[in-house]
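K.L.:
Please find query22.cif (mmCIF, C-alpha atoms and all ligand atoms) on the next line:
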```cif
data_my_file
loop_
_atom_site.label_atom_id
_atom_site.label_comp_id
_atom_site.auth_asym_id
_atom_site.auth_seq_id
_atom_site.Cartn_x
_atom_site.Cartn_y
_atom_site.Cartn_z
CA ALA A 1 115.32 75.02 129.23
CA ASN A 2 117.61 71.97 129.42
CA GLY A 3 119.96 73.51 126.89
CA CYS A 4 117.30 74.03 124.22
CA ALA A 5 117.65 77.30 122.31
CA ASP A 6 114.96 79.91 123.04
CA ARG A 7 113.75 80.07 119.45
CA ILE A 8 112.86 76.37 119.59
CA VAL A 9 111.32 76.47 123.07
CA ARG A 10 109.15 79.38 121.86
CA MET A 11 107.48 77.18 119.21
CA PRO A 12 104.17 75.98 120.66
CA GLU A 13 102.98 72.45 119.91
CA SER A 14 99.82 72.36 117.85
CA GLY A 15 96.68 71.72 119.94
CA ILE A 16 95.61 69.20 117.30
CA ARG A 17 98.25 66.86 118.76
CA GLU A 18 96.30 66.48 122.02
CA VAL A 19 93.27 65.13 120.12
CA PHE A 20 95.53 62.78 118.13
CA ASP A 21 97.18 61.38 121.23
CA LYS A 22 93.92 60.82 123.07
CA ALA A 23 92.22 59.31 119.99
CA ALA A 24 95.13 56.83 119.73
CA GLN A 25 93.92 55.18 122.99
CA TYR A 26 90.76 53.85 121.31
CA ASP A 27 90.42 51.04 118.75
CA ASP A 28 87.16 52.04 117.12
CA ILE A 29 87.59 55.73 116.33
CA ALA A 30 85.42 57.68 113.89
CA ASP A 31 88.06 60.16 112.80
CA LEU A 32 86.72 63.51 111.58
CA SER A 33 89.89 65.32 112.62
CA ILE A 34 92.28 64.43 109.81
CA GLY A 35 93.55 67.11 107.44
CA GLU A 36 94.38 64.89 104.49
CA PRO A 37 92.58 62.96 101.75
CA ASP A 38 91.89 59.35 102.82
CA PHE A 39 92.75 57.90 99.39
CA THR A 40 96.12 56.95 97.90
CA THR A 41 97.87 59.15 95.31
CA PRO A 42 96.23 58.48 91.89
CA GLU A 43 97.71 55.64 89.78
CA PRO A 44 98.95 57.76 86.82
CA ILE A 45 101.24 59.67 89.19
CA ILE A 46 102.57 56.51 90.87
CA ASP A 47 103.17 54.83 87.47
CA ALA A 48 105.08 57.85 86.17
CA VAL A 49 107.24 57.98 89.30
CA ASP A 50 108.01 54.27 89.03
CA GLU A 51 109.23 54.74 85.47
CA ARG A 52 111.22 57.93 86.12
CA VAL A 53 112.89 56.65 89.29
CA ARG A 54 114.01 53.50 87.42
CA ALA A 55 115.36 55.79 84.71
CA GLY A 56 117.55 57.54 87.28
CA ALA A 57 115.54 60.22 89.13
CA THR A 58 117.35 59.35 92.37
CA HIS A 59 119.84 62.20 92.73
CA TYR A 60 120.45 65.60 94.30
CA THR A 61 118.80 68.32 92.25
CA PRO A 62 119.44 72.07 92.17
CA THR A 63 118.35 73.59 95.52
CA ALA A 64 115.42 75.39 93.85
CA GLY A 65 114.24 72.16 92.20
CA ARG A 66 114.61 70.47 88.79
CA SER A 67 114.53 73.02 86.02
CA ASP A 68 111.85 71.11 84.03
CA LEU A 69 109.61 71.17 87.12
CA ARG A 70 110.19 74.89 87.66
CA GLU A 71 109.27 75.50 84.01
CA SER A 72 106.05 73.49 84.42
CA LEU A 73 105.27 75.41 87.61
CA SER A 74 105.75 78.75 85.90
CA ARG A 75 103.31 77.65 83.14
CA LYS A 76 100.81 76.51 85.79
CA LEU A 77 101.13 79.81 87.70
CA ALA A 78 100.48 81.76 84.49
CA ARG A 79 97.53 79.56 83.48
CA GLU A 80 95.78 79.01 86.82
CA ASN A 81 96.83 81.97 88.96
CA ASP A 82 97.55 84.69 86.42
CA ILE A 83 100.98 85.10 88.06
CA SER A 84 103.86 85.46 85.66
CA VAL A 85 107.23 84.26 87.00
CA ASP A 86 110.70 83.60 85.65
CA PRO A 87 111.26 79.84 86.23
CA GLU A 88 114.97 80.46 86.90
CA SER A 89 114.62 82.99 89.71
CA GLU A 90 111.04 83.49 90.89
CA VAL A 91 109.82 79.99 91.81
CA LEU A 92 111.32 77.35 94.09
CA VAL A 93 110.26 73.78 95.01
CA THR A 94 109.86 73.18 98.77
CA PRO A 95 109.17 70.29 101.15
CA GLY A 96 105.40 70.87 101.18
CA ALA A 97 103.62 74.13 101.86
CA MET A 98 104.89 73.66 105.43
CA GLY A 99 108.50 74.05 104.27
CA ALA A 100 107.54 76.97 102.02
CA LEU A 101 105.80 78.80 104.89
CA PHE A 102 108.60 78.22 107.39
CA GLU A 103 111.25 79.35 104.91
CA SER A 104 109.24 82.37 103.73
CA ILE A 105 108.51 83.58 107.26
CA HIS A 106 112.16 83.11 108.25
CA SER A 107 113.23 85.03 105.17
CA LEU A 108 110.90 87.96 105.93
CA VAL A 109 110.47 88.30 109.71
CA ASP A 110 113.07 89.72 112.11
CA PRO A 111 112.87 89.67 115.93
CA GLY A 112 110.40 92.36 117.04
CA ASP A 113 108.40 92.36 113.78
CA GLU A 114 104.61 92.11 113.92
CA VAL A 115 102.75 89.70 111.67
CA VAL A 116 99.06 90.40 111.06
CA ILE A 117 96.90 87.28 110.54
CA PRO A 118 93.11 87.01 110.23
CA GLU A 119 91.76 84.68 112.94
CA PRO A 120 90.77 81.80 113.10
CA PHE A 121 94.01 80.58 111.49
CA TRP A 122 96.05 77.40 111.02
CA PRO A 123 98.11 76.94 114.23
CA ASN A 124 101.43 76.18 112.55
CA TYR A 125 101.87 79.88 111.67
CA HIS A 126 102.45 80.34 115.43
CA GLY A 127 105.51 78.11 115.36
CA HIS A 128 106.96 79.76 112.25
CA VAL A 129 106.49 83.33 113.48
CA ALA A 130 107.58 82.58 117.06
CA SER A 131 110.81 80.87 116.01
CA ALA A 132 111.63 83.86 113.78
CA GLY A 133 111.17 86.11 116.85
CA GLY A 134 108.05 87.85 115.52
CA THR A 135 104.70 88.46 117.18
CA ILE A 136 101.31 87.58 115.71
CA VAL A 137 98.63 90.29 115.75
CA PRO A 138 95.31 88.46 115.16
CA VAL A 139 92.48 90.18 113.30
CA GLU A 140 89.03 88.82 114.13
CA THR A 141 86.69 87.63 111.39
CA ASP A 142 82.96 86.98 111.81
CA ARG A 143 80.65 84.16 110.96
CA LYS A 144 78.14 86.63 109.49
CA ASP A 145 80.78 87.57 106.85
CA GLY A 146 81.55 83.91 106.14
CA PHE A 147 84.86 84.50 107.99
CA VAL A 148 86.14 86.62 105.10
CA PRO A 149 88.61 89.13 106.62
CA SER A 150 87.74 92.83 106.59
CA PRO A 151 90.26 95.10 104.78
CA ASP A 152 89.43 97.89 107.28
CA ARG A 153 90.20 95.70 110.28
CA ILE A 154 93.47 94.62 108.65
CA ALA A 155 94.35 98.32 108.11
CA ASP A 156 93.55 99.06 111.78
CA ALA A 157 95.85 96.25 112.98
CA ILE A 158 98.89 97.57 111.08
CA THR A 159 101.48 99.52 113.10
CA ALA A 160 104.97 100.86 112.44
CA ASP A 161 106.29 97.42 113.51
CA THR A 162 104.19 95.42 111.05
CA LYS A 163 106.29 93.55 108.52
CA LEU A 164 103.91 91.02 107.07
CA LEU A 165 100.26 90.11 106.47
CA VAL A 166 99.54 86.36 106.21
CA LEU A 167 96.43 85.28 104.28
CA ASN A 168 95.07 81.77 103.78
CA THR A 169 92.49 81.28 101.02
CA PRO A 170 90.65 78.90 100.93
CA SER A 171 90.95 78.76 104.71
CA ASN A 172 91.75 75.97 107.08
CA PRO A 173 89.70 75.87 109.38
CA THR A 174 86.72 77.96 108.20
CA GLY A 175 86.59 77.09 104.48
CA ALA A 176 86.35 80.83 103.69
CA VAL A 177 87.36 81.81 100.15
CA ILE A 178 88.36 85.48 99.98
CA PRO A 179 86.60 87.04 96.95
CA GLN A 180 88.61 88.95 94.33
CA ALA A 181 87.01 92.31 95.24
CA THR A 182 88.02 91.91 98.91
CA LEU A 183 91.54 90.84 97.93
CA GLU A 184 91.83 93.95 95.73
CA ARG A 185 90.92 96.13 98.73
CA ILE A 186 93.40 94.23 100.92
CA ALA A 187 96.03 94.76 98.20
CA SER A 188 95.56 98.55 98.47
CA VAL A 189 95.96 98.33 102.26
CA VAL A 190 99.18 96.30 101.92
CA ASP A 191 100.58 98.63 99.26
CA GLU A 192 99.77 101.79 101.20
CA ALA A 193 101.21 100.42 104.46
CA ASP A 194 104.36 99.30 102.60
CA ILE A 195 104.34 95.83 104.15
CA TRP A 196 104.75 92.27 102.77
CA CYS A 197 102.05 89.75 102.04
CA LEU A 198 102.37 85.96 102.35
CA VAL A 199 99.48 83.98 100.89
CA ASP A 200 98.92 80.33 101.69
CA GLU A 201 96.97 78.88 98.74
CA THR A 202 97.37 75.21 99.75
CA TYR A 203 93.64 74.53 99.09
CA GLU A 204 93.35 76.58 95.86
CA SER A 205 91.83 73.77 93.77
CA LEU A 206 89.12 72.98 96.35
CA VAL A 207 86.49 75.71 95.85
CA TYR A 208 82.80 74.95 95.45
CA ASP A 209 79.65 76.18 93.73
CA ASP A 210 80.29 79.21 91.54
CA ARG A 211 83.17 80.59 93.58
CA GLU A 212 86.60 81.26 92.11
CA HIS A 213 90.01 81.28 93.68
CA TYR A 214 91.92 84.53 93.09
CA SER A 215 95.65 85.05 93.71
CA ILE A 216 96.55 88.47 95.11
CA ALA A 217 100.01 88.25 93.47
CA SER A 218 98.33 88.46 90.04
CA ASP A 219 97.97 92.19 90.77
CA PRO A 220 101.21 93.61 89.25
CA ALA A 221 101.33 96.26 92.00
CA LEU A 222 101.47 93.50 94.62
CA PHE A 223 103.83 91.00 92.98
CA ASP A 224 106.97 92.70 94.32
CA ARG A 225 105.75 92.51 97.92
CA THR A 226 103.98 89.12 97.86
CA VAL A 227 105.15 85.57 98.43
CA THR A 228 102.66 82.89 97.34
CA VAL A 229 102.69 79.32 98.67
CA HIS A 230 101.18 76.32 96.85
CA SER A 231 101.15 72.59 97.51
CA PHE A 232 100.54 69.25 95.82
CA SER A 233 99.35 67.68 99.09
CA LYS A 234 95.61 68.26 99.15
CA ALA A 235 94.88 68.80 95.44
CA TYR A 236 96.40 65.49 94.28
CA ALA A 237 96.21 63.40 97.48
CA MET A 238 100.00 63.68 97.78
CA THR A 239 100.50 64.61 101.45
CA GLY A 240 103.22 62.01 102.02
CA TRP A 241 105.39 63.11 99.09
CA ARG A 242 106.13 66.44 100.79
CA VAL A 243 106.18 68.74 97.80
CA GLY A 244 105.04 72.34 97.45
CA TYR A 245 106.43 75.53 95.92
CA VAL A 246 106.84 79.19 96.58
CA SER A 247 106.80 82.08 94.10
CA GLY A 248 107.61 85.76 94.46
CA PRO A 249 110.21 88.44 93.71
CA SER A 250 113.67 87.06 92.94
CA HIS A 251 115.56 88.51 95.93
CA ILE A 252 113.21 86.81 98.42
CA ILE A 253 113.17 83.54 96.46
CA ASP A 254 116.97 83.74 96.46
CA SER A 255 117.11 84.14 100.23
CA ILE A 256 114.73 81.17 100.59
CA ARG A 257 117.06 79.22 98.30
CA VAL A 258 120.02 79.90 100.59
CA LEU A 259 118.00 78.87 103.66
CA GLN A 260 116.90 75.70 101.88
CA GLU A 261 120.46 74.95 100.75
CA HIS A 262 121.57 74.87 104.38
CA THR A 263 118.62 72.81 105.63
CA VAL A 264 117.05 70.31 103.23
CA SER A 265 119.44 70.75 100.21
CA SER A 266 116.52 70.13 97.85
CA VAL A 267 113.22 68.27 97.74
CA ALA A 268 113.65 64.51 97.16
CA GLU A 269 113.92 63.89 93.42
CA PRO A 270 111.25 61.11 93.35
CA ALA A 271 108.82 63.62 94.91
CA GLN A 272 109.76 66.19 92.28
CA VAL A 273 109.04 63.80 89.41
CA ALA A 274 105.73 62.93 91.12
CA ALA A 275 104.89 66.64 91.05
CA MET A 276 105.79 66.76 87.32
CA ALA A 277 103.44 63.83 86.69
CA ALA A 278 100.65 65.54 88.66
CA LEU A 279 100.98 68.67 86.53
CA GLU A 280 100.72 66.45 83.43
CA SER A 281 97.37 65.07 84.68
CA PRO A 282 95.20 68.15 85.29
CA GLU A 283 91.99 66.07 84.95
CA LEU A 284 92.77 64.57 88.39
CA LEU A 285 92.15 67.95 90.04
CA GLU A 286 88.51 68.06 88.99
CA GLU A 287 87.89 64.40 89.95
CA ILE A 288 89.27 65.02 93.43
CA ARG A 289 87.40 68.32 93.80
CA GLU A 290 84.11 66.61 92.89
CA THR A 291 84.74 63.86 95.44
CA PHE A 292 85.17 66.44 98.21
CA ASP A 293 82.18 68.43 96.99
CA ARG A 294 79.94 65.33 97.42
CA ARG A 295 81.36 64.69 100.87
CA ARG A 296 80.85 68.35 101.79
CA THR A 297 77.15 68.13 100.97
CA LEU A 298 76.82 64.86 102.89
CA MET A 299 78.51 66.23 106.01
CA VAL A 300 76.63 69.54 106.09
CA ASP A 301 73.36 67.62 105.58
CA ARG A 302 74.09 65.16 108.38
CA LEU A 303 75.17 67.92 110.78
CA GLY A 304 71.79 69.56 110.20
CA SER A 305 70.25 66.90 112.47
CA VAL A 306 72.72 67.37 115.35
CA PRO A 307 71.04 69.50 118.02
CA GLY A 308 73.08 72.40 119.42
CA LEU A 309 75.50 72.51 116.49
CA SER A 310 75.24 75.03 113.68
CA PRO A 311 77.57 74.30 110.71
CA VAL A 312 78.94 77.01 108.43
CA ASP A 313 78.52 75.99 104.78
CA PRO A 314 82.14 75.79 103.57
CA ALA A 315 83.09 77.67 100.39
CA GLY A 316 86.39 75.82 99.99
CA ALA A 317 89.00 73.39 101.46
CA PHE A 318 87.67 70.23 103.19
CA TYR A 319 86.55 71.28 106.66
CA VAL A 320 83.24 72.25 108.23
CA PHE A 321 83.46 74.85 110.97
CA ALA A 322 80.49 74.29 113.24
CA GLU A 323 79.27 76.52 116.05
CA LEU A 324 78.30 75.17 119.49
CA THR A 325 74.91 76.70 120.22
CA GLY A 326 73.47 74.40 122.90
CA THR A 327 76.14 73.98 125.58
CA GLU A 328 78.09 76.07 128.04
CA LEU A 329 81.10 73.74 127.68
CA ASP A 330 84.20 75.13 125.96
CA SER A 331 85.31 73.55 122.68
CA ARG A 332 88.08 71.48 124.23
CA SER A 333 85.71 69.96 126.83
CA VAL A 334 83.21 69.11 124.07
CA VAL A 335 85.98 67.42 122.08
CA MET A 336 87.00 65.35 125.11
CA ARG A 337 83.35 64.33 125.72
CA LEU A 338 83.01 63.30 122.05
CA LEU A 339 86.11 61.12 122.39
CA GLU A 340 85.21 59.60 125.74
CA ASP A 341 81.49 58.97 125.13
CA GLU A 342 81.43 57.93 121.46
CA GLN A 343 85.06 57.79 120.24
CA VAL A 344 84.59 60.41 117.56
CA ALA A 345 87.56 62.72 116.91
CA VAL A 346 87.16 66.39 115.90
CA VAL A 347 89.32 69.47 116.52
CA PRO A 348 88.42 72.20 119.08
CA GLY A 349 87.99 75.72 117.68
CA SER A 350 90.27 77.09 120.41
CA VAL A 351 93.26 75.63 118.50
CA PHE A 352 92.64 78.25 115.78
CA GLY A 353 92.38 81.26 118.09
CA GLU A 354 90.50 82.60 121.11
CA SER A 355 87.69 83.99 118.96
CA ALA A 356 86.96 80.44 117.71
CA GLU A 357 86.31 79.04 121.19
CA SER A 358 82.66 78.19 120.48
CA PHE A 359 83.41 76.21 117.29
CA LEU A 360 84.52 72.71 116.28
CA ARG A 361 86.41 71.80 113.09
CA LEU A 362 85.28 68.66 111.31
CA SER A 363 87.09 67.24 108.29
CA TYR A 364 85.28 65.71 105.31
CA ALA A 365 88.51 64.47 103.75
CA THR A 366 87.43 61.03 104.90
CA ASN A 367 85.11 58.45 103.28
CA GLU A 368 81.30 58.59 103.25
CA ALA A 369 80.87 55.70 105.73
CA THR A 370 83.05 57.47 108.33
CA ILE A 371 81.20 60.76 107.77
CA GLU A 372 77.87 58.97 108.36
CA ASP A 373 79.09 57.01 111.37
CA GLY A 374 80.94 60.00 112.90
CA THR A 375 78.00 62.38 112.58
CA ASP A 376 75.65 59.72 114.10
CA ARG A 377 77.97 59.42 117.08
CA MET A 378 78.10 63.22 117.41
CA ARG A 379 74.30 63.41 117.38
CA ARG A 380 74.11 60.95 120.29
CA VAL A 381 76.55 63.01 122.39
CA PHE A 382 74.86 66.32 121.56
CA GLU A 383 71.44 64.85 122.41
CA SER A 384 72.81 64.05 125.86
CA PHE A 385 73.64 67.78 126.39
CA SER A 386 70.02 68.89 126.04
N1 LIG A 401 98.70 75.38 104.99
C1 LIG A 401 97.50 74.98 105.48
C2 LIG A 401 96.45 76.00 105.70
C3 LIG A 401 97.28 73.63 105.77
O1 LIG A 401 96.09 73.25 106.26
C4 LIG A 401 98.32 72.70 105.57
C5 LIG A 401 98.16 71.27 105.92
O2 LIG A 401 97.30 70.87 106.67
C6 LIG A 401 99.53 73.16 105.05
C7 LIG A 401 99.68 74.50 104.78
C8 LIG A 401 100.70 72.25 104.84
O3 LIG A 401 100.54 71.43 103.73
P1 LIG A 401 101.75 70.58 103.12
O4 LIG A 401 101.34 69.17 103.23
O5 LIG A 401 101.85 71.05 101.70
O6 LIG A 401 102.97 70.90 103.90
#
```
Can you give me the file's structure in the form of structure tokens?
P.N.:
Amino acid sequence: ANGCADRIVRMPESGIREVFDKAAQYDDIADLSIGEPDFTTPEPIIDAVDERVRAGATHYTPTAGRSDLRESLSRKLARENDISVDPESEVLVTPGAMGALFESIHSLVDPGDEVVIPEPFWPNYHGHVASAGGTIVPVETDRKDGFVPSPDRIADAITADTKLLVLNTPSNPTGAVIPQATLERIASVVDEADIWCLVDETYESLVYDDREHYSIASDPALFDRTVTVHSFSKAYAMTGWRVGYVSGPSHIIDSIRVLQEHTVSSVAEPAQVAAMAALESPELLEEIRETFDRRRTLMVDRLGSVPGLSPVDPAGAFYVFAELTGTELDSRSVVMRLLEDEQVAVVPGSVFGESAESFLRLSYATNEATIEDGTDRMRRVFESFS
């Protein structure tokens, strides 16, 4: 249309945008829709960047990223994820997890390929798969299983055209953390079907209670068919720096490198030294995780007193997925009512897939006062439904 190439026209706009645009009309918004920490990047990271930029970190770097950063990343992957990579050829620094996912999907998916994804899922995968010419095959997950995907259902969704399985653990929007035992069963399915696996571990450091994050690529049988995506955005409150990384077998990382060479050249060097500083301050991870854990408890507690809304206790990430139990309205209509009546912004479940129509996604990445105010406003609107 109007000269635009098909592969761009095919990319749908995220439904989250509609909430954003409508919320922008109001002055006094209680925003429970945002997907980023409300606080500024911690001081030790900013101080280190200040010093290193003054000392000359202002240049082009190798496409895959500074070699000292890639070495630090390979040590982190070994320590935290039990994934062993060669820093020269098996890890590459990207503009956020977003860049890593786009580049990975474009390096793996050809027109006509099917991509299996457990639903509900983050809507940006639609844009990445559609622009590569692939088709998403959603696999339903259930609330009663904590939205953990079933290995049998994944196996049933695989056809001769399937190229790739995309996993996201911990999950945006449900907060599901896929346990190691389930990931081991999924690994057998992937191996037997001879397909690829792309795992989005953007929220890996945000897991709660006694749960543990497990990386499927730590299974040596899976490493050669798995691409793993990580990010500094959520773990270190670094969304605006745009830095993430991708690891996997060298021929795929090399194809991602070529794609990145022709698009972004490399990640901005100041952002790369910020990532170095973050890796040098591992204590920040636990401080940030504890902050979100407190907010999680507060939000789930407060939602308990909202009639007609049944929250799922999140295992990870910083969202509560909450089921609409007392209204016939669809999730988008509820979201519009919340905005119009009380100026509280949340995201409709429908954005994350048809099977999530009766849910809302609320973010607790915001401060305690906004969580309290926002949930009060929600209670008033929900009381008016009954
Ligand atoms: N993956 C998921 C599941 C996300 O929720 C997000 C951000 O909201 C991203 C990836 C992108 O993160 P980044 O800021 O690293 O690009």
K.L.:
Give me the residues near Gln272 of chain A as a ChimeraX atom specification, where near means some atom within 8 Å (using all atoms listed in the file) and where sequence neighbours in that chain fewer than 3 positions away do not count.
P.N.:
/A:65-66,69,243,267-269,275-276
K.L.:
Quote the spacing between atom CA of His262 of chain A and atom CA of Gly96 of chain A in Å to one decimal place.
P.N.:
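Spanning atom CA of His262 of chain A to atom CA of Gly96 of chain A is a straight-line distance of 17.0 Å.
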K.L.:
Please compute the atom CA of Arg294 of chain A-atom CA of Ala315 of chain A distance, one decimal, in Å.
P.N.:
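Between these atoms lies a distance of 13.1 Å.
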K.L.:
Quick one: which chain A residues come within 8 Å of ligand LIG 401 (chain A), and what is the nearest atom pair for each with the distance in Å to one decimal, counting all atoms listed in the file, rows ordered by chain and ascending number, as CSV?
P.N.:
```
residue,atom,partner,partner_atom,distance
A:Gly35,CA,A:LIG401,O2,5.4
A:Glu36,CA,A:LIG401,O2,7.0
A:Pro95,CA,A:LIG401,O6,6.8
A:Gly96,CA,A:LIG401,O5,3.6
A:Ala97,CA,A:LIG401,O5,3.6
A:Met98,CA,A:LIG401,O6,3.7
A:Gly99,CA,A:LIG401,O6,6.4
A:Ala100,CA,A:LIG401,O6,7.8
A:Leu101,CA,A:LIG401,C7,7.5
A:Phe121,CA,A:LIG401,C2,7.8
A:Trp122,CA,A:LIG401,C2,5.5
A:Asn168,CA,A:LIG401,C2,6.2
A:Ser171,CA,A:LIG401,C2,6.2
A:Asn172,CA,A:LIG401,C2,4.9
A:Pro173,CA,A:LIG401,O1,7.6
A:Asp200,CA,A:LIG401,N1,6.0
A:Glu201,CA,A:LIG401,N1,7.4
A:Thr202,CA,A:LIG401,N1,5.4
A:Tyr203,CA,A:LIG401,C2,7.3
A:His230,CA,A:LIG401,O5,7.2
A:Ser231,CA,A:LIG401,O5,4.5
A:Phe232,CA,A:LIG401,O5,6.3
A:Ser233,CA,A:LIG401,O4,4.8
A:Lys234,CA,A:LIG401,O4,7.1
A:Met238,CA,A:LIG401,O4,7.9
A:Thr239,CA,A:LIG401,O4,5.0
A:Gly240,CA,A:LIG401,O4,7.5
A:Arg242,CA,A:LIG401,O4,6.0
A:Val243,CA,A:LIG401,O5,6.3
A:Gly244,CA,A:LIG401,O5,5.5
```
K.L.:
Could you name the residues that touch Gly248 of chain A at 7 Å or less, counting all atoms listed in the file, but leaving out those on the same chain fewer than 6 positions away, as JSON, numbers by chain?
P.N.:
{"A": [90, 91, 223, 224, 226, 227, 228]}
K.L.:
Contacts of segment 148-153 of chain A at 8 Å or less, counting all atoms listed in the file, minus same-chain residues fewer than 2 places along, as a PyMOL selection string?
P.N.:
chain A and resi 118+139-142+145-146+155-157+176-178+182+185-186+189
K.L.:
Please produce an output containing C-alpha atoms for each residue in the selection, written as a compact mmCIF listing (two decimals), in the coordinates of the input.
P.N.:
```txt
# COMPACT_ATOMS: atom_id res chain seq x y z
CA PRO A 118 93.11 87.01 110.23
CA VAL A 139 92.48 90.18 113.30
CA GLU A 140 89.03 88.82 114.13
CA THR A 141 86.69 87.63 111.39
CA ASP A 142 82.96 86.98 111.81
CA ASP A 145 80.78 87.57 106.85
CA GLY A 146 81.55 83.91 106.14
CA ALA A 155 94.35 98.32 108.11
CA ASP A 156 93.55 99.06 111.78
CA ALA A 157 95.85 96.25 112.98
CA ALA A 176 86.35 80.83 103.69
CA VAL A 177 87.36 81.81 100.15
CA ILE A 178 88.36 85.48 99.98
CA THR A 182 88.02 91.91 98.91
CA ARG A 185 90.92 96.13 98.73
CA ILE A 186 93.40 94.23 100.92
CA VAL A 189 95.96 98.33 102.26
```
K.L.:
What's the 6 Å shell around Gly175 of chain A, counting all atoms listed in the file, without same-chain residues fewer than 6 positions away, as number ranges by chain?
P.N.:
A: 314-317
K.L.:
What's the separation between atom CA of Val347 of chain A and atom CA of Val19 of chain A, in Å to one decimal place?
P.N.:
6.9 Å
K.L.:
Determine the nearest neighbour of Asp293 of chain A from the options A:Ala221, A:Val264, A:Leu206, A:Ala345, counting only C-alpha atoms.
P.N.:
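The answer is A:Leu206, which sits nearest to Asp293 of chain A.
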K.L.:
When distances are computed from all atoms listed in the file, which of A:Ser363, A:Ser205, A:Ser74, A:Ser358 shows the smallest separation from Glu283 of chain A?
P.N.:
A:Ser205
